[in-house]
Structure formats: structure tokens, C-alpha cells
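Engineer: Below is protein-v9.txt; it holds compact mmCIF, C-alpha atoms and all ligand atoms.
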```txt
# COMPACT_ATOMS: atom_id res chain seq x y z
CA MET A 1 0.00 0.00 0.00
CA THR A 2 1.31 3.45 -0.90
CA GLU A 3 2.09 5.65 2.03
CA ARG A 4 0.02 8.85 2.19
CA LEU A 5 1.64 12.18 3.00
CA PRO A 6 0.18 14.99 5.13
CA CYS A 7 -0.94 18.15 3.29
CA LYS A 8 1.61 20.93 3.85
CA THR A 9 -0.97 23.64 4.42
CA ASP A 10 -1.03 24.86 8.00
CA GLY A 11 -3.97 23.44 9.84
CA CYS A 12 -5.08 21.09 7.04
CA LYS A 13 -5.47 17.49 8.21
CA ALA A 14 -5.82 15.88 4.81
CA THR A 15 -3.40 13.26 3.54
CA ILE A 16 -2.49 12.83 -0.09
CA LEU A 17 -0.89 10.36 -2.47
CA PRO A 18 2.74 11.01 -3.48
CA ALA A 19 1.54 11.48 -7.08
CA THR A 20 -0.76 14.33 -6.00
CA ALA A 21 2.03 15.83 -3.90
CA ALA A 22 4.29 15.85 -6.93
CA GLU A 23 1.64 17.64 -8.96
CA THR A 24 0.61 20.24 -6.35
CA GLY A 25 3.86 20.80 -4.49
CA GLY A 26 2.76 18.82 -1.45
CA ILE A 27 -0.73 20.12 -0.76
CA CYS A 28 -4.14 18.45 -1.10
CA MET A 29 -6.45 19.14 -4.03
CA PRO A 30 -8.95 21.36 -2.12
CA CYS A 31 -6.05 23.47 -0.77
CA HIS A 32 -4.52 23.58 -4.24
CA GLN A 33 -7.78 24.79 -5.77
CA ALA A 34 -8.21 27.42 -3.05
CA GLN A 35 -4.70 28.65 -3.80
CA GLU A 36 -5.43 28.84 -7.52
CA ARG A 37 -8.62 30.83 -6.88
CA GLN A 38 -6.73 33.25 -4.70
CA LYS A 39 -4.08 33.66 -7.40
CA ARG A 40 -6.79 34.48 -9.92
CA ARG A 41 -8.37 37.01 -7.56
CA ASP A 42 -5.00 38.67 -6.95
CA TYR A 43 -4.40 38.79 -10.68
CA VAL A 44 -7.79 40.41 -11.37
CA GLU A 45 -7.25 42.84 -8.51
CA LYS A 46 -3.84 43.84 -9.84
CA HIS A 47 -4.74 44.08 -13.52
CA ARG A 48 -8.30 45.38 -13.35
CA LYS A 49 -8.77 48.56 -15.30
CA THR A 50 -11.32 51.21 -14.56
CA VAL A 51 -12.92 52.30 -17.80
CA ASN A 52 -15.12 55.30 -18.31
CA VAL A 53 -16.81 54.86 -21.68
CA TYR A 54 -18.53 58.22 -21.24
CA GLU A 55 -15.37 60.20 -20.71
CA ASN A 56 -15.41 63.52 -22.60
CA LEU A 57 -18.91 62.86 -23.94
CA SER A 58 -21.53 65.54 -23.46
CA ASP A 59 -24.01 64.72 -26.26
CA PRO A 60 -26.85 62.81 -24.55
CA VAL A 61 -27.60 60.96 -27.80
CA GLU A 62 -24.05 59.57 -27.99
CA ILE A 63 -24.23 58.63 -24.32
CA LEU A 64 -27.54 56.80 -24.78
CA LYS A 65 -26.25 54.96 -27.84
CA ILE A 66 -23.43 53.57 -25.71
CA MET A 67 -25.81 52.69 -22.88
CA HIS A 68 -27.89 50.55 -25.24
CA VAL A 69 -24.99 48.48 -26.53
CA PRO A 70 -24.99 45.15 -24.67
CA ARG A 71 -21.75 44.80 -22.73
CA ARG A 72 -20.12 41.47 -22.04
CA HIS A 73 -18.97 40.98 -18.47
CA ASP A 74 -15.20 41.15 -18.19
CA PRO A 75 -13.75 40.71 -14.70
CA LEU A 76 -10.71 42.75 -15.72
CA ILE A 77 -12.78 45.82 -16.53
CA GLN A 78 -14.66 47.94 -14.07
CA TYR A 79 -17.01 50.34 -15.83
CA VAL A 80 -17.72 53.73 -14.34
CA PRO A 81 -21.50 54.22 -14.36
CA TYR A 82 -22.90 57.37 -15.92
CA PRO A 83 -24.20 59.78 -13.25
CA MET A 84 -27.68 59.91 -14.82
CA SER A 85 -30.01 56.96 -15.44
CA LYS A 86 -31.24 56.04 -18.89
CA GLU A 87 -34.75 57.25 -17.96
CA GLN A 88 -33.45 60.62 -16.81
CA LEU A 89 -31.47 61.04 -20.02
CA TYR A 90 -34.44 60.17 -22.21
CA VAL A 91 -36.69 62.59 -20.37
CA SER A 92 -34.07 65.34 -20.75
CA LEU A 93 -33.68 64.97 -24.54
CA ALA A 94 -34.69 67.86 -26.78
CA THR A 95 -37.09 67.04 -29.62
CA ASP A 96 -34.37 66.88 -32.27
CA GLU A 97 -32.26 64.64 -30.02
CA ALA A 98 -35.17 62.23 -29.63
CA GLY A 99 -35.45 62.28 -33.42
CA ARG A 100 -31.78 61.29 -33.68
CA MET A 101 -32.37 58.35 -31.34
CA LEU A 102 -35.29 57.23 -33.53
CA LYS A 103 -33.10 57.47 -36.62
CA HIS A 104 -30.38 55.46 -34.87
CA ALA A 105 -32.95 52.77 -34.01
CA LEU A 106 -34.03 52.53 -37.64
CA GLU A 107 -30.42 52.10 -38.73
CA LEU A 108 -30.02 49.29 -36.19
CA LEU A 109 -33.27 47.76 -37.46
CA ALA A 110 -31.84 47.63 -40.97
CA GLU A 111 -28.84 45.76 -39.49
CA GLY A 112 -31.22 43.32 -37.78
CA ASP A 113 -30.24 44.27 -34.21
CA GLU A 114 -33.74 43.83 -32.74
CA GLU A 115 -32.58 43.81 -29.14
CA GLN A 116 -31.21 47.34 -29.32
CA VAL A 117 -34.15 48.52 -31.46
CA ASP A 118 -36.55 47.21 -28.83
CA GLY A 119 -34.64 48.99 -26.05
CA ILE A 120 -34.46 52.35 -27.81
CA LEU A 121 -38.01 52.47 -29.18
CA SER A 122 -39.49 51.25 -25.88
CA SER A 123 -37.59 53.96 -24.02
CA LEU A 124 -38.74 56.68 -26.43
CA VAL A 125 -42.37 55.58 -26.14
CA CYS A 126 -42.42 54.87 -22.40
CA TYR A 127 -40.24 57.60 -20.92
CA ARG A 128 -41.17 60.37 -23.37
CA ASN A 129 -44.48 59.24 -24.89
CA GLU A 130 -42.74 59.92 -28.20
CA ASN A 131 -44.83 59.33 -31.31
CA ILE A 132 -42.90 56.77 -33.38
CA ALA A 133 -45.61 56.16 -35.98
CA ALA A 134 -43.11 56.94 -38.74
CA ALA A 135 -41.01 53.91 -37.74
CA LEU A 136 -43.88 51.40 -37.70
CA PRO A 137 -43.96 50.46 -41.40
CA ALA A 138 -40.27 49.47 -41.10
CA LEU A 139 -41.01 47.44 -37.96
CA MET A 140 -43.83 45.60 -39.74
CA GLU A 141 -41.54 44.99 -42.71
CA GLN A 142 -39.17 43.18 -40.32
CA GLY A 143 -42.05 41.32 -38.66
CA MET A 144 -41.26 42.99 -35.33
CA TYR A 145 -44.54 43.28 -33.42
CA TYR A 146 -43.08 43.28 -29.94
CA PRO A 147 -43.42 45.22 -27.66
CA ALA A 148 -46.99 45.79 -28.85
CA LEU A 149 -47.10 49.14 -27.03
CA LEU A 150 -44.87 50.56 -29.77
CA TYR A 151 -47.90 50.47 -32.09
CA LYS A 152 -50.14 52.68 -29.95
CA ASP A 153 -49.83 55.75 -32.23
CA ALA A 154 -50.07 53.80 -35.50
CA SER A 155 -51.32 55.64 -38.56
CA PRO A 156 -54.71 54.58 -40.00
CA ALA A 157 -52.84 52.77 -42.78
CA VAL A 158 -50.79 50.68 -40.34
CA ARG A 159 -53.87 50.02 -38.21
CA ASP A 160 -55.75 48.76 -41.28
CA ARG A 161 -52.88 46.46 -42.18
CA LEU A 162 -52.90 45.04 -38.64
CA LEU A 163 -56.68 44.52 -38.79
CA GLU A 164 -56.31 42.69 -42.06
CA GLN A 165 -53.29 40.64 -41.00
CA VAL A 166 -54.85 39.47 -37.74
CA GLU A 167 -57.39 37.47 -39.76
CA TRP A 168 -54.79 35.19 -41.37
CA ASP A 169 -51.49 35.47 -39.46
CA ASP A 170 -51.72 32.55 -37.02
CA GLU A 171 -48.14 32.98 -35.91
CA ASN A 172 -48.34 36.63 -34.85
CA ARG A 173 -52.04 36.92 -33.96
CA ASN A 174 -51.43 37.30 -30.25
CA LEU A 175 -49.06 40.23 -30.76
CA LEU A 176 -51.26 41.79 -33.46
CA LEU A 177 -54.26 41.77 -31.10
CA LEU A 178 -52.11 43.37 -28.40
CA ALA A 179 -50.98 46.06 -30.85
CA LEU A 180 -54.63 46.71 -31.78
CA SER A 181 -55.61 46.97 -28.12
CA TRP A 182 -52.94 49.66 -27.64
CA ILE A 183 -54.30 51.55 -30.64
CA GLY A 184 -57.85 51.22 -29.32
CA ASP A 185 -59.37 53.82 -31.64
CA PRO A 186 -63.09 53.79 -32.63
CA LEU A 187 -62.46 51.48 -35.57
CA VAL A 188 -60.60 48.95 -33.42
CA VAL A 189 -63.30 49.18 -30.75
CA ARG A 190 -65.94 48.45 -33.39
CA ARG A 191 -63.99 45.46 -34.67
CA PHE A 192 -63.64 44.05 -31.13
CA GLN A 193 -67.41 44.42 -30.79
CA GLU A 194 -67.96 42.63 -34.11
CA TRP A 195 -65.73 39.79 -32.92
CA ARG A 196 -67.79 39.59 -29.74
CA LEU A 197 -71.06 39.35 -31.66
CA GLN A 198 -69.70 37.06 -34.33
CA PRO A 199 -66.70 35.15 -32.97
CA PRO A 200 -64.08 34.61 -35.69
CA GLU A 201 -63.08 31.07 -36.55
CA TRP A 202 -59.51 31.71 -35.27
CA GLY A 203 -60.88 32.87 -31.91
CA GLU A 204 -61.00 29.27 -30.69
CA ARG A 205 -57.22 29.08 -30.86
CA LEU A 206 -56.75 31.99 -28.41
CA PHE A 207 -56.67 31.62 -24.64
CA VAL A 208 -59.25 34.38 -24.21
CA GLN A 209 -61.84 35.96 -26.47
CA PRO A 210 -60.39 38.76 -28.63
CA GLU A 211 -62.28 41.50 -26.75
CA PHE A 212 -60.34 40.77 -23.54
CA TYR A 213 -57.13 41.88 -25.23
CA ALA A 214 -58.45 45.40 -24.64
CA LEU A 215 -57.41 45.09 -20.98
CA GLU A 216 -53.75 45.00 -21.98
CA GLY A 217 -54.26 48.41 -23.57
CA GLY A 218 -55.88 49.74 -20.39
CA TRP A 219 -59.56 49.72 -21.41
CA GLU A 220 -62.54 47.40 -21.68
CA LEU A 221 -65.33 46.84 -24.14
CA THR A 222 -68.60 47.68 -22.37
CA GLN A 223 -71.83 45.73 -22.78
CA GLU A 224 -72.91 48.40 -25.26
CA GLY A 225 -69.72 47.93 -27.28
CA ASP A 226 -68.04 51.19 -26.23
CA ARG A 227 -64.55 51.83 -24.95
CA ARG A 228 -64.30 52.40 -21.21
CA ASP A 229 -60.88 53.48 -19.95
CA LEU A 230 -59.50 51.73 -16.88
CA THR A 231 -56.41 53.89 -16.51
CA HIS A 232 -55.74 57.60 -16.42
CA SER A 233 -53.14 59.50 -18.41
CA LEU A 234 -52.00 61.87 -15.66
CA SER A 235 -49.25 60.05 -13.84
CA TYR A 236 -46.91 61.05 -11.02
CA ALA A 237 -43.94 59.06 -9.79
CA ILE A 238 -43.70 57.96 -6.16
CA ARG A 239 -40.07 58.38 -5.16
CA VAL A 240 -37.77 58.39 -2.18
CA THR A 241 -36.77 61.89 -1.15
CA SER A 242 -34.00 62.97 1.16
CA GLU A 243 -35.35 66.49 1.34
CA LYS A 244 -37.02 67.62 4.49
CA PRO A 245 -40.67 68.51 3.97
CA HIS A 246 -41.21 72.25 3.61
CA SER A 247 -44.40 72.30 5.61
CA GLU A 248 -46.89 70.15 7.43
CA ASP A 249 -49.21 70.52 4.43
CA GLU A 250 -46.64 68.89 2.22
CA VAL A 251 -46.36 65.91 4.56
CA CYS A 252 -50.13 65.58 4.58
CA ALA A 253 -50.63 65.88 0.83
CA ALA A 254 -49.41 62.39 0.11
CA ARG A 255 -48.15 59.55 2.28
CA PHE A 256 -47.08 56.09 1.27
CA LEU A 257 -46.29 52.78 2.92
CA THR A 258 -47.22 53.43 6.50
CA THR A 259 -48.50 50.97 9.09
CA SER A 260 -52.21 51.08 9.82
CA THR A 261 -53.63 50.70 13.29
CA SER A 262 -56.18 48.21 11.90
CA THR A 263 -55.28 44.57 11.73
CA CYS A 264 -55.87 41.88 9.14
CA PRO A 265 -58.57 39.44 10.25
CA TRP A 266 -56.76 36.59 8.52
CA CYS A 267 -53.14 36.84 9.73
CA GLU A 268 -53.74 39.33 12.57
CA GLY A 269 -50.80 41.50 11.51
CA ASN A 270 -51.19 45.24 11.00
CA LEU A 271 -52.56 46.36 7.69
CA THR A 272 -50.42 48.59 5.46
CA VAL A 273 -51.53 51.92 4.06
CA LEU A 274 -50.13 51.78 0.55
CA MET A 275 -51.19 55.34 -0.17
CA ASP A 276 -53.02 58.16 1.55
CA VAL A 277 -53.45 61.05 -0.87
CA ALA A 278 -55.68 64.14 -0.97
CA THR A 279 -58.38 63.59 -3.60
CA THR A 280 -57.74 67.10 -4.92
CA HIS A 281 -54.36 65.97 -6.25
CA PRO A 282 -54.48 66.16 -10.09
CA SER A 283 -53.81 62.43 -10.35
CA LEU A 284 -57.06 61.67 -8.50
CA ALA A 285 -59.27 64.73 -9.10
CA TYR A 286 -60.82 63.22 -12.26
CA LEU A 287 -62.43 60.49 -10.13
CA ALA A 288 -64.66 63.12 -8.44
CA LEU A 289 -64.67 61.09 -5.23
CA SER A 290 -66.94 62.17 -2.41
CA LEU A 291 -63.97 61.88 -0.04
CA GLU A 292 -61.27 64.28 1.09
CA ARG A 293 -58.54 61.66 0.99
CA LEU A 294 -58.14 58.35 -0.72
CA LYS A 295 -56.53 55.72 1.45
CA ILE A 296 -55.65 52.39 -0.06
CA GLN A 297 -55.05 49.78 2.55
CA THR A 298 -54.12 46.13 2.21
CA CYS A 299 -52.53 43.27 4.06
CA GLU A 300 -49.04 43.11 2.57
CA ARG A 301 -48.88 39.41 3.49
CA CYS A 302 -52.30 37.99 2.58
CA GLY A 303 -52.58 40.52 -0.24
CA CYS A 304 -49.80 38.70 -2.11
CA PHE A 305 -52.18 35.78 -2.60
CA CYS A 306 -55.53 37.31 -3.49
CA THR A 307 -57.43 40.52 -4.16
CA ILE A 308 -58.15 42.47 -0.97
CA TYR A 309 -61.16 44.80 -0.99
CA MET A 310 -61.74 47.65 1.43
CA ASP A 311 -64.91 49.74 1.84
CA VAL A 312 -64.14 53.39 2.40
CA ASP A 313 -66.68 54.84 4.82
CA SER A 314 -68.11 58.36 4.61
CA GLU A 315 -65.23 59.63 6.82
CA GLY A 316 -62.72 58.22 4.37
CA VAL A 317 -61.68 55.40 6.68
CA PRO A 318 -60.98 52.08 4.96
CA VAL A 319 -62.78 49.11 6.46
CA TRP A 320 -62.09 45.43 5.70
CA SER A 321 -64.74 44.40 3.17
CA ARG A 322 -67.22 41.64 3.81
CA PHE A 323 -66.55 40.56 0.23
CA ASN A 324 -63.04 39.37 1.07
CA HIS A 325 -62.88 35.59 0.96
CA LYS A 326 -59.94 33.85 2.49
CA PRO A 327 -58.62 31.42 -0.11
CA ASP A 328 -58.32 27.79 1.01
CA TYR A 329 -54.67 27.71 0.02
CA LEU A 330 -53.85 30.58 2.37
CA ARG A 331 -52.35 28.77 5.36
CA SER A 332 -51.10 30.43 8.48
CA ILE A 333 -48.85 33.40 7.88
CA ASP A 334 -46.56 34.80 10.53
CA PRO A 335 -46.82 38.60 10.41
CA ASP A 336 -43.24 38.87 11.71
CA ASP A 337 -41.89 37.25 8.55
CA TYR A 338 -42.75 40.29 6.51
CA SER A 339 -41.93 43.91 6.73
CA GLY A 340 -42.52 45.95 3.64
CA VAL A 341 -43.08 49.26 5.34
CA SER A 342 -40.47 51.70 4.21
CA ASP A 343 -38.10 53.69 6.38
CA TYR A 344 -37.67 56.20 3.59
CA ARG A 345 -39.66 59.35 3.13
CA LEU A 346 -41.70 58.92 -0.03
CA THR A 347 -43.30 61.71 -2.01
CA LEU A 348 -45.04 62.32 -5.29
CA SER A 349 -42.86 63.97 -7.89
CA PRO A 350 -43.94 67.60 -8.47
CA ALA A 351 -44.53 67.22 -12.23
CA PRO A 352 -46.30 64.38 -14.07
CA HIS A 353 -44.33 61.92 -16.16
CA SER A 354 -45.33 60.00 -19.29
CA PRO A 355 -48.45 57.85 -18.75
CA PHE A 356 -46.46 54.94 -20.25
CA PHE A 357 -43.38 55.55 -18.09
CA ALA A 358 -43.68 52.19 -16.33
CA ALA A 359 -45.84 50.36 -18.88
CA ILE A 360 -43.10 47.90 -19.85
CA TRP A 361 -42.09 46.10 -16.72
CA THR A 362 -38.94 44.59 -18.19
CA LEU A 363 -37.26 47.97 -18.72
CA ASP A 364 -35.29 49.02 -15.67
CA GLN A 365 -37.15 52.09 -14.37
CA GLN A 366 -38.71 52.45 -10.93
CA ASN A 367 -42.37 51.57 -11.34
CA SER A 368 -44.08 53.14 -8.32
CA GLN A 369 -46.58 55.78 -9.41
CA ILE A 370 -50.08 57.16 -9.23
CA GLY A 371 -52.04 57.09 -12.48
CA GLY A 372 -50.60 56.01 -15.82
CA HIS A 373 -50.47 52.47 -17.14
CA PRO A 374 -49.76 49.53 -14.86
CA SER A 375 -46.50 47.58 -15.19
CA TRP A 376 -48.11 44.18 -15.48
CA VAL A 377 -45.68 41.46 -14.49
CA GLN A 378 -48.21 38.84 -15.60
CA ASP A 379 -51.37 39.34 -17.69
CA ALA A 380 -53.48 42.49 -17.22
CA GLU A 381 -55.98 41.97 -14.42
CA TYR A 382 -58.60 44.48 -13.26
CA PRO A 383 -60.69 43.29 -10.30
CA SER A 384 -64.47 43.62 -10.49
CA CYS A 385 -66.20 45.83 -7.95
CA PRO A 386 -68.02 43.55 -5.49
CA CYS A 387 -70.92 46.06 -5.35
CA CYS A 388 -71.68 46.97 -8.96
CA GLY A 389 -69.74 44.25 -10.78
CA LYS A 390 -67.96 46.72 -13.04
CA ARG A 391 -64.21 46.51 -13.56
CA MET A 392 -62.42 48.80 -11.13
CA ARG A 393 -60.16 51.61 -12.28
CA PHE A 394 -56.40 51.40 -11.86
CA ILE A 395 -55.15 54.31 -9.76
CA GLY A 396 -51.55 53.45 -9.03
CA GLN A 397 -48.96 50.89 -8.06
CA ILE A 398 -46.15 50.37 -5.62
CA ASP A 399 -43.20 48.26 -6.64
CA TRP A 400 -41.63 46.67 -3.57
CA ALA A 401 -38.28 46.61 -5.39
CA ASP A 402 -38.22 50.43 -5.38
CA PHE A 403 -38.28 50.90 -1.62
CA VAL A 404 -37.83 47.65 0.25
CA HIS A 405 -34.46 45.95 0.66
CA LEU A 406 -34.54 42.73 -1.38
CA GLY A 407 -38.20 43.49 -2.04
CA GLU A 408 -39.94 42.30 -5.17
CA GLY A 409 -43.38 42.28 -6.75
CA ILE A 410 -45.89 45.03 -7.40
CA PHE A 411 -49.07 45.98 -5.55
CA TYR A 412 -51.64 47.39 -7.97
CA MET A 413 -54.35 49.68 -6.56
CA PHE A 414 -57.91 50.10 -7.83
CA VAL A 415 -61.04 52.00 -6.97
CA CYS A 416 -64.74 51.97 -7.86
CA PRO A 417 -65.56 55.68 -7.59
CA GLU A 418 -69.32 55.01 -7.50
CA ASP A 419 -69.18 52.66 -4.51
CA ASN A 420 -66.06 53.92 -2.70
CA VAL A 421 -64.56 50.46 -2.76
CA THR A 422 -60.82 49.97 -3.17
CA ALA A 423 -58.92 46.86 -4.14
CA THR A 424 -55.33 45.70 -4.36
CA LEU A 425 -53.74 42.84 -6.15
CA TYR A 426 -50.18 41.68 -6.40
CA GLN A 427 -48.03 40.16 -9.12
CA GLN A 428 -44.47 39.01 -9.20
CA SER A 429 -42.28 37.19 -11.67
ZN ZN A 501 -4.98 20.67 2.40
ZN ZN A 502 -53.15 39.27 6.49
ZN ZN A 503 -68.80 49.58 -7.92
```
Take the structure I supplied and represent it as C-alpha cells, if you would.
Structural biologist:
Amino acid sequence: MTERLPCKTDGCKATILPATAAETGGICMPCHQAQERQKRRDYVEKHRKTVNVYENLSDPVEILKIMHVPRRHDPLIQYVPYPMSKEQLYVSLATDEAGRMLKHALELLAEGDEEQVDGILSSLVCYRNENIAAALPALMEQGMYYPALLYKDASPAVRDRLLEQVEWDDENRNLLLLALSWIGDPLVVRRFQEWRLQPPEWGERLFVQPEFYALEGGWELTQEGDRRDLTHSLSYAIRVTSEKPHSEDEVCAARFLTTSTSTCPWCEGNLTVLMDVATTHPSLAYLALSLERLKIQTCERCGCFCTIYMDVDSEGVPVWSRFNHKPDYLRSIDPDDYSGVSDYRLTLSPAPHSPFFAAIWTLDQQNSQIGGHPSWVQDAEYPSCPCCGKRMRFIGQIDWADFVHLGEGIFYMFVCPEDNVTATLYQQS
């Protein structure tokens, strides 16, 4: 039997074969591998370069072009981030600069670089609500129908082509219907109504009837065949602020993510006030609520599993609704396991942003906002009012990832202005 030798590393008790010792210089394989890893780390540390790809650049268009180029991870390069986010840069662009970005996207489209085209056009449409109708014929030429939101400002000619193509294009029908829902003009509404009355033969191959695609565009087809909007175009970001409030009024105007004194009858933890905003704020005034403030309350634990309704009484106080039904699959939840309430001071931004700012969840903006279009993580979902049965209106959303350490998932908030009922639902990837 071959005699085994002790590993030479201090404190290591392993023994090794002479052959291994010859190969590693007398240490065991795990010690050898640890040494090799350390060598690599030292090498990277010593040779890593700091690179600023934005150095000496002041043209925001050139900076954005660089931001959109996918960058391969290289451990030997540490990139200096640009001091402004992509969203901030897009918002700050002058009209002609936005036009240059659009032109750049079309050049990339001709080269077949759909990933970058998607990123640039989505940013122009979401962050700026830029009309990119001029680019749509080229997109159709390339068979690029995603993201469908890009088609929202389509010209009548493009819309008519989509309406015609949806009848025969089995492969792209889902995306074509989404594009039509984003267009949502009177002609599209009428066609959705016609499909409802006379279901097309291809309708059987969809997961839902064509009319329900309207929800993805933020509206529904009423019983009478009209368009009823479920979102509102005035949208204000909810953001962390380090500034001290200027006055007590400012503190009172809008509050977010505070702990309620009421408790959840299911898990017995405190409820969370997602928002508490004066109904005179422009983002809510259109609802003409008979309340001074709109408070949206939910259970941040149980609310991850089902829709939670609250009745708002005449004093504006939210009360747990009798229409809440505890789902069978909701087992016991320990309230101490969760804590979403934020330590930050959150405020509404002073000026509205694009209604589509957060409409594409996969872009990397912060999504928390009042008004605008929801950032659906899954399919669009508008709860029905338990009193009148109508779909409730979307009034805002809070993305846990924006404010909560390691947080994820979005709480969507809804109201039925006729019945003063609020609802929340939650989606995550
Ligand atoms: Zn060892
Ligand atoms: Zn609960
Ligand atoms: Zn109602």
C-alpha cells in the first residue's frame, strides 16, 4: 500500500498520495484549488482597469447609444457608471435629439439588431411618450410586433394592415391583437365588438376571447360595445426623497407605505396603508370622489395571494370588506416574517411623467406611481367591484423593489368611484 503524506498547508489534516504531492507541491487538491482561486483574484485585482466609456462625452444621444450596446462581463474591466439613469437622459432629450435616437434605431433595425431597437423604441415611447408612428412600417416589414405598445400611435394605414393581417397570421395573432388593443381607436373598438357578436373562426385558438385583449391596452369593451378606460393618463412618480418637507401641508398631501392601526382578520398583523393622498391631487381629481382623501389599505402578506377589498366609509376610513374571501390555500402566515413598510420618506414627484413611463415592466425604471399604465408582471388583471360588478379603475402601483431591501413584486391599486370600494392585487415574476 502506498504511504500517504500529510498536506503541507497549516492546519489542514488531509493526507495525499505522493503522485498528488508531486503535482501540487505537497498540498491536497482542495487546498490547491483554493490557492489557484486566490491567485486568480490577486491577478484580477492587480490588472483590473477602470474604464469610463462616457469620458469627454456631453451629447446625450451619444451617451444613450453607448448605454444601449450590450456589454459582455469582463472581470478585468470595471465600468464607471454614468451619473444619470437612462430614464433621466431620455426625459431630458430635446425634440431633435429624440429624433436622432429614432433614426439610430431605424439604422439598427436595418442591421437586424432587434434587441437594441426594442430597447431604444421602448424607451422613447415609455419615458417620453414619443410618437414613433413613422417607424412602424419598417417594424412591420421586419415582422417585429413586440413590444406591442410601440404600435399605440399607428397611422390609420398601419392600423388597417394590422386589422387585415390578424385574420390570417396565425403565428403573430397574439401580438397583433395586443398592438390593436394599444391603438384602441373607434375602428378597433368596433372590430372588437364585431368579434364579440360574431366570434371569428380563429378565436378558438386563443386563450381568451379577442375582446379581452383590450385590458392589456388599459380599457374594456362595455356591454354596449363602447370603450371604457380603466387607466388615467396623468401620472406622477412615487419616489424616495432625502429632502425635508417644507411644511406640514406637504407631509399631509401624500403619504405612502405606513403601518395602519387596523389589523388583518386573517393573519392578525397590521394592515399597510399603501397610499393616503388628498383627492384634490391632479392624479385623483378626475375620479370626483366624495372623499377628502383616498386611502388604499391592504394586508401586505395575505394581499400577495388574493385581491383584498376595502370599503371606504363616509369619513374616508378604509374598512375590511365583507366581500373578502380567504382562499383555502392561504395557510397560516406569521406577520413577523414580513416587513414591507419603508423607512424612507416617499413623495409624489412635483410634475407628471409619461403615462407609459412604467408600462413595460422589463425595462429598468422604478415603477411606483399614481395614475398612468400599470406595469403588469403577468397578464393584465382588473378586479371587479363587489358592489356593482364593473371593472375597477387602476389608480396606481407600488413596486416593492423600489423601496424595500430585497423586495420584489408590485401591488396594484384600484377604486370603484361610485361605490367607494378599493382593491389591491399583487403580481411578481
Ligand atoms: Zn490541504
Ligand atoms: Zn393578512
Ligand atoms: Zn362599484
Engineer: By how many Å are CA of Phe394 in chain A and CA of Glu381 in chain A apart?
Structural biologist: 9.8 Å
Engineer: Find the residues around Pro6 in chain A up to 8 Å (all atoms listed in the file counted), leave out those fewer than 5 positions away in its own chain, and share them as a PyMOL selection string.
Structural biologist: chain A and resi 13-16+27
Engineer: Using all atoms listed in the file, determine which residues lie at most 12 Å from Pro81 in chain A, disregarding the query and same-chain residues fewer than 2 positions distant; provide the list as a PyMOL selection string.
Structural biologist: chain A and resi 50-55+63+66-67+78-79+83-86
Engineer: Can you list, as a list in words, every protein, DNA or RNA residue that comes within 7 Å of range 357-368 of chain A when you count only C-alpha atoms, leaving out same-chain residues fewer than 3 positions away?
Structural biologist: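 After dropping sequence-adjacent residues, the list is Glu87, Cys126, Tyr127, Ala237, Ile238, His353, Ser354, His373, Pro374, Ser375, Trp376, Val377, Gln397, Ile398, Asp399 and Asp402 of chain A.
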Engineer: Return as a list in words the residues of protein, DNA or RNA that approach ligand ZN 503 (chain A) to within 10 Å, with all atoms listed in the file taken into account.
Structural biologist: Ser384, Cys385, Pro386, Cys387, Cys388, Gly389, Lys390, Arg391, Met392, Arg393, Val415, Cys416, Pro417, Glu418, Asp419, Asn420, Val421 and Thr422 of chain A
Engineer: Please identify every polymer residue within 10 Å of ligand ZN 501 (chain A), using only C-alpha atoms and all ligand atoms, and present the set as a VMD selection string.
Structural biologist: chain A and resid 6 to 16 26 to 34
Engineer: Range 256-260 of chain A: which residues within 7 Å, counting all atoms listed in the file, same-chain residues fewer than 6 positions away excluded, as a list in words?
Structural biologist: Asn270, Leu271, Thr272, Val273, Leu274, Met275, Asp276, Val341, Ser342 and Leu346 of chain A
Engineer: Give one line per residue of chain A that approaches ligand ZN 502 (chain A) to at most 9 Å, naming the two atoms of the closest pair and their distance in Å to one decimal, counting all atoms listed in the file; sort by chain then ascending residue number and deliver it as a Markdown table.
Structural biologist:
```
| residue | atom | partner | partner_atom | distance |
| --- | --- | --- | --- | --- |
| A:Thr263 | CA | A:ZN502 | ZN | 7.8 |
| A:Cys264 | CA | A:ZN502 | ZN | 4.6 |
| A:Pro265 | CA | A:ZN502 | ZN | 6.6 |
| A:Trp266 | CA | A:ZN502 | ZN | 4.9 |
| A:Cys267 | CA | A:ZN502 | ZN | 4.1 |
| A:Glu268 | CA | A:ZN502 | ZN | 6.1 |
| A:Gly269 | CA | A:ZN502 | ZN | 6.0 |
| A:Asn270 | CA | A:ZN502 | ZN | 7.7 |
| A:Leu271 | CA | A:ZN502 | ZN | 7.2 |
| A:Thr298 | CA | A:ZN502 | ZN | 8.1 |
| A:Cys299 | CA | A:ZN502 | ZN | 4.7 |
| A:Glu300 | CA | A:ZN502 | ZN | 6.9 |
| A:Arg301 | CA | A:ZN502 | ZN | 5.2 |
| A:Cys302 | CA | A:ZN502 | ZN | 4.2 |
| A:Gly303 | CA | A:ZN502 | ZN | 6.9 |
| A:Ile333 | CA | A:ZN502 | ZN | 7.4 |
| A:Asp334 | CA | A:ZN502 | ZN | 8.9 |
| A:Pro335 | CA | A:ZN502 | ZN | 7.5 |
```
Engineer: Could you work out how far CA of Glu115 in chain A lies from CA of Leu89 in chain A, giving the answer in Å with one decimal?
Structural biologist: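 Taking CA of Leu89 in chain A and CA of Glu115 in chain A, their separation equals 19.5 Å.
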Engineer: Extract, using only C-alpha atoms, all DNA, RNA and protein residues at most 7 Å from Glu408 in chain A, discarding same-chain residues fewer than 6 positions from it, and format them as a list in words.
Structural biologist: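 Non-adjacent residues within range: Asp399, Trp400, Ala401 and Gln428 of chain A.
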Engineer: Record the distance separating CA of Ser283 in chain A and CA of Gly396 in chain A, expressed in Å with one decimal.
Structural biologist: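 Distance between the two atoms: 9.4 Å.
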Engineer: With distances taken over all atoms listed in the file, which of A:Val189, A:His68, A:Gly371, A:Leu180 is nearest to Ala285 in chain A?
Structural biologist: A:Gly371
Engineer: Of the candidates A:Asn56, A:Thr95, A:Ser349, A:Ser155, which one gets nearest to His281 in chain A if we count only C-alpha atoms?
Structural biologist: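 Counting only C-alpha atoms, the residue closest to His281 in chain A is A:Ser349.
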Engineer: Is there a way to get, as a ChimeraX atom specification, all residues within 8 Å of the point (-62.0, 42.2, 5.8) in file coordinates, counting only C-alpha atoms?
Structural biologist: /A:264-265,308-310,319-324
Engineer: Taking all atoms listed in the file into account, which of A:Gln116, A:Asp313, A:Pro350, A:Ile296 comes nearest Thr424 in chain A?
Structural biologist: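 Answer, going by the shortest atom-to-atom distance: A:Ile296.
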Engineer: Which one of A:Tyr329, A:Arg255, A:Leu176, A:Leu221 sits closest to Trp195 in chain A if you count all atoms listed in the file?
Structural biologist: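 Among the listed residues, the smallest separation from Trp195 in chain A belongs to A:Leu221.
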Engineer: Within 10 Å of (-58.3, 67.2, -4.5) (file coordinates; all atoms listed in the file), which protein or nucleic acid residues are there? I'd like them as a ChimeraX atom specification.
Structural biologist: /A:253,277-289,291-294
